[in-house]
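S.K.: Structure provided below as structure tokens; questions to follow.
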Amino acid sequence: MITNQQMETDILEKLRSEGQPMAAETLLEQTEEPDAAAAALERLLNSGRLLLTRKRKLALPEQTGLVYGRVQGSARGFGFFIPADGSKDMFLPADGMHGAMHGDQVWARQTDQLSHGGNAEAEIVLIAQRAHKKIVGTFENDEGADGGYVVPDDTKLSSDMLVRTAGLCAAKPGDKVVAEILQYPDGRRPLTGRIVEVLGGKQDAGADMLSIIRRLDLPDAFSKPASRQAKNLNRPVEPESIARREDLRSLLCITIDGSDAKDLDDAVSLVPLKSGYLLGVHIADVSHYVSENSPLDGEAYKRGTSVYFPDRVLPMLPPDISNGVCSLNQGQDKLTLSCIMELDAVGKVLSHRIAETVICTRHRMTYEDVNAIFAGNAQLRAKYADITPMLDQMQGLMELLREKRAKRGSIDFDLAEAKIELDAKGRTTDVHIYERGISNRMIEEFMLLANETVAAHAQAMGLPFLYRVHETPDEKKLQELNTFLNTLGYGIKNLSNIKPATLQKVLLRSKGTKEESVVSRVTLRSLKKARYCPENIGHFGLAAQNYCHFTSPIRRYPDLVVHRLLKEMLHGELSATRAQTWRNRLEETALHCSAREVSAVEAERAADDLKKCEYMKGRIGSVETGVISGVTQYGFFVQLPNTVEGMVRIASIEDDYYTCDEKNYRMVGRASGRVFRLGDMVRIKVVSADLETGNVGFMLETGAGAKNARPAQTPKSKAPRTPRPKPAAQAQTPKPAAQAPGAPAVPQAGEQKAKPRRNNRRKVARAQAK
């Protein structure tokens, strides 16, 4: 049976090969599954990937000169068209948006106009798929008028939503709300809607995080059937289940997690052998409890992954499963799927086996305590005397595995991670670096080894499987990265057929320097994103031929899929028919899980940024030292040692007029030759923290500048005379900013995302509504 995605692809390829519009009846007659093809046609038409001509024939939009892609909006009403085929972005003037909003999938046509920055312009012809059905924002009343407005939290949405009195849902001015869109803007009509949920006042505890959850449409409640199923499953392991498994309850197993972790899905054991080790990685057997197509399975698939916020967790599975029956809690019998590996004296895997097991965790350890044991804490070493010999052996094995992985060229991005401390009301009290100790790296190495071993096993067996893949970097991105690295003296001589070890050497050379963090971040951004895939194409970053996610089925759906496939193999249930069934749906599962991962990362980053901004609001006026982490037309970003990032707007530096040298990722003073370059250290003063946008504003401390500032190489006589830029509210439409290679696109309406003059827009909206 052909998958939905394959059917859609086949139809599109058929029309491309035909070279002209086709009657639907003709196309359906040429397919082996006309019912499935008809359903695929309907999906393609609804999403705008196919059009109907005036003669009611099917046509590809590109055959009419249109290009498919996504809109990136801005607070000022203009936007950028990002083609799906990877070609160069195009500027969308406000009068070319034609009602499209940020995130919409559209068909656009390039015009013969150029933006002020010299970029090609486009206009939206057809909106294929709307990105928003609801808007999350702050309700504001409209004095002397009927109803009010919802000001979107997402500053890339340029229109406030008009809400009539009948649709207010008892919202008060200043409340965070969720509003359903009733009418999309189209140039003549405003964006209108009705409030469907009041999240609370802006100052209410948790309302900020709830706003992010709603804005990104993250599920935060489980269905009643799923909750009932989870509650019924949360009970001690039955003797019958134990009897069918390998009993490892006498084996010395421990868990090592963060002190606040409750979903403990991995335990480890280590037995010394005459000439090596027997390493056991024991993973909670979630698939024993969460069966395919059950209510719990549906909820887990929909989420794809757990999402971690500073004040809460949105679990993939209900607490009765994640923190209860599946969590490998101390002193409790638990069902596991174990990967048991025999290693030689240098850490090479000699043999392995995968087995359904039952374990009983001896100790629930924390990273902090194990790190203290490794540091020689006598009290803890005495308390855990029964496991300290095993822990010491584990540390030795970790060092072997780490050295072995480094030799093959595996890239280790040791990026600083922030720990955000909150008070009882959910307010940020501190932001500091989370220290990764020996125990953190130890568990990481053991999990990596288990994931590689399981993936290699599946590859050797020829199983249908879900791999974690990471493709070779794009050549253009590598060239951009190398341009940046050359400015710091870390340039790569030969970019052809690049290996992970080449980038590894760059990171090692920068280690311990002031630019280490920037080099790591820019290098990471230049690589492709890791994703899930049913085809094993290797993992570039890890320099691994085989890799998958096996170790976290409580919080990642791909791991649950991997467990199901392994258990069907163990039980001899993977017949040719069953294997084909799996292959038919793994592509769709991989795409879905990869997309859910992206959404989770976006949500976690937005939440962290907001809480960091909240912390910096209490530090306005303080002077800090940081490193320049991004350069744009409007200024440069500075990252502080605690990972907080803010922007120094170029208009606030009054000693010269600065231009952006895109090629070399720096700002250059025209008269003085003063340079602000990616990786330079600067002293700044915190001047603003906008909780509406999550943006932090910096100014250079008086008399401060880049510590290694030096004259620019471009002769000043060749610099064109350009007037000092106008204030942001009057500035001409800019071209996209120059940032570090691979950096996420930043809205071009001013990096602090200053909101436009909404009152004027509201007058227009009122007139349109009337």
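As shown in the structure tokens, the chain order sets the letters A, B, ...; within each chain, residues go from 1, and ligands are also counted from 1 in the order they appear.
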Near His98 of chain A, counting only C-alpha atoms, which residues have an atom at most 12 Å away, once you skip same-chain residues fewer than 3 positions from it, shown as a ChimeraX atom specification?
M.R.: /A:71,77-79,92-95,101,104,106-108,122-127,184-190
S.K.: Excluding Leu507 of chain A and its own-chain neighbours fewer than 5 positions away, which residues fall within 9 Å of it when counting only C-alpha atoms? Please give them as a list in words.
M.R.: Ile411, Asp412, Phe413, Glu516, Val519, Ser520 and Thr523 of chain A
S.K.: Write out as a list of chain:residue names which residues come within 10 Å of Ser599 of chain A when counting only C-alpha atoms, dropping same-chain ones fewer than 3 positions away.
M.R.: A:Leu216, A:Asp217, A:Leu218, A:Arg303, A:Gly304, A:Thr305, A:Val307, A:Cys593, A:Ser594, A:Ala595, A:Arg596, A:Glu602, A:Ala603, A:Glu604, A:Arg605
S.K.: Find the spatial neighbours of Leu50 of chain A, counting only C-alpha atoms, within a cut-off of 12 Å - ignore same-chain residues fewer than 5 positions away - and output them as a PyMOL selection string.
M.R.: chain A and resi 8-9+11-13+15-16+21-22+24+40-45+56-64+66-68+106-107+126+128
S.K.: What's the 12 Å shell around Ile653 of chain A, counting only C-alpha atoms, without same-chain residues fewer than 2 positions away, as a list of chain:residue names?
M.R.: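 The residues that qualify are A:Tyr634, A:Gly635, A:Phe636, A:Val648, A:Arg649, A:Ile650, A:Ala651, A:Asp655, A:Asp656, A:Tyr657, A:Tyr658, A:Thr659, A:Met667, A:Val668, A:Gly669, A:Arg674, A:Phe676, A:Ile684, A:Phe698, A:Met699, A:Leu700, A:Glu701, A:Thr702, A:Gly703, A:Ala704, A:Gly705, A:Arg724.
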S.K.: For Leu495 of chain A, find every residue with an atom within 10 Å (counting only C-alpha atoms), except residues of its own chain fewer than 6 positions away, and show them as a ChimeraX atom specification.
M.R.: /A:475,478-479,482,502
S.K.: Go through A:Ser622, A:Asp247, A:Ala689, A:Ala300 and flag the residue nearest His592 of chain A, using only C-alpha atoms for the distances.
M.R.: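 Counting only C-alpha atoms, the residue closest to His592 of chain A is A:Ala300.
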S.K.: Counting only C-alpha atoms, which residue out of A:Gln395, A:Ser17, A:Gln332, A:Thr138 sits closest to Ala207 of chain A?
M.R.: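 Closest residue, counting only C-alpha atoms: A:Thr138.
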S.K.: Just how far from atom CA of Val268 of chain A is atom CA of Gly572 of chain A, in Å to one decimal?
M.R.: 27.1 Å
S.K.: If you run DSSP on this backbone, which residues of segment 399-581 of chain A come out as strand (DSSP E), and could you give them as number ranges by chain?
M.R.: A: 418-422, 428-433, 467-469, 531-533
S.K.: Just write the chosen residues, N, CA, C and O atoms, as a short mmCIF file (atom, residue, chain, number, x, y, z; two decimals), in the first residue's frame.
M.R.:
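As written to disk, result.cif reads:
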```cif
data_model
loop_
_atom_site.label_atom_id
_atom_site.label_comp_id
_atom_site.auth_asym_id
_atom_site.auth_seq_id
_atom_site.Cartn_x
_atom_site.Cartn_y
_atom_site.Cartn_z
N ALA A 418 22.19 27.47 30.24
CA ALA A 418 21.76 28.30 31.36
C ALA A 418 20.88 27.51 32.33
O ALA A 418 20.05 26.70 31.92
N LYS A 419 21.07 27.76 33.59
CA LYS A 419 20.18 27.27 34.64
C LYS A 419 19.39 28.46 35.15
O LYS A 419 19.95 29.44 35.64
N ILE A 420 18.07 28.40 35.01
CA ILE A 420 17.20 29.51 35.39
C ILE A 420 16.53 29.17 36.71
O ILE A 420 15.80 28.18 36.81
N GLU A 421 16.77 29.99 37.71
CA GLU A 421 16.21 29.78 39.05
C GLU A 421 14.96 30.64 39.21
O GLU A 421 14.97 31.83 38.88
N LEU A 422 13.89 30.03 39.73
CA LEU A 422 12.62 30.73 39.93
C LEU A 422 12.24 30.73 41.40
O LEU A 422 12.62 29.83 42.16
N THR A 428 11.88 34.97 37.93
CA THR A 428 13.30 34.60 37.80
C THR A 428 14.13 35.29 38.87
O THR A 428 14.08 36.52 39.00
N THR A 429 14.88 34.51 39.63
CA THR A 429 15.75 35.06 40.67
C THR A 429 17.22 35.02 40.28
O THR A 429 18.02 35.78 40.81
N ASP A 430 17.57 34.12 39.36
CA ASP A 430 18.98 34.03 38.96
C ASP A 430 19.08 33.28 37.64
O ASP A 430 18.26 32.42 37.32
N VAL A 431 20.10 33.65 36.87
CA VAL A 431 20.45 32.93 35.64
C VAL A 431 21.95 32.68 35.70
O VAL A 431 22.74 33.62 35.80
N HIS A 432 22.34 31.43 35.67
CA HIS A 432 23.75 31.11 35.75
C HIS A 432 24.04 29.88 34.89
O HIS A 432 23.12 29.19 34.42
N ILE A 433 25.31 29.59 34.68
CA ILE A 433 25.72 28.47 33.84
C ILE A 433 25.51 27.16 34.58
O ILE A 433 25.86 27.03 35.75
N TYR A 467 16.08 5.89 12.10
CA TYR A 467 17.43 6.33 12.46
C TYR A 467 17.43 7.82 12.80
O TYR A 467 16.55 8.58 12.38
N ARG A 468 18.44 8.20 13.54
CA ARG A 468 18.71 9.62 13.78
C ARG A 468 19.87 9.97 12.87
O ARG A 468 20.98 9.44 13.02
N VAL A 469 19.64 10.84 11.89
CA VAL A 469 20.65 11.11 10.87
C VAL A 469 21.08 12.57 10.89
O VAL A 469 20.33 13.45 11.34
N ARG A 531 17.91 14.92 12.12
CA ARG A 531 16.49 14.61 11.95
C ARG A 531 16.29 13.10 12.01
O ARG A 531 17.26 12.33 12.06
N TYR A 532 15.05 12.70 11.99
CA TYR A 532 14.71 11.27 11.97
C TYR A 532 14.47 10.83 10.53
O TYR A 532 13.93 11.60 9.72
N CYS A 533 14.88 9.61 10.22
CA CYS A 533 14.78 9.14 8.84
C CYS A 533 14.78 7.61 8.83
O CYS A 533 15.53 6.98 9.58
#
```
S.K.: Using only C-alpha atoms, which residues sit within 10 Å of Leu251 of chain A once same-chain residues fewer than 6 positions away are excluded, as number ranges by chain?
M.R.: A: 268-271, 280, 359-362
S.K.: Would you mind writing down, as a ChimeraX atom specification, each residue of segment 381-508 of chain A that DSSP on the backbone assigns to alpha helix (DSSP H)?
M.R.: /A:381-383,388-407,438-461,475-488,500-508
S.K.: Mind giving me the straight-line distance from atom CA of Asp311 of chain A to atom CA of Met209 of chain A in Å, one decimal?
M.R.: 8.0 Å
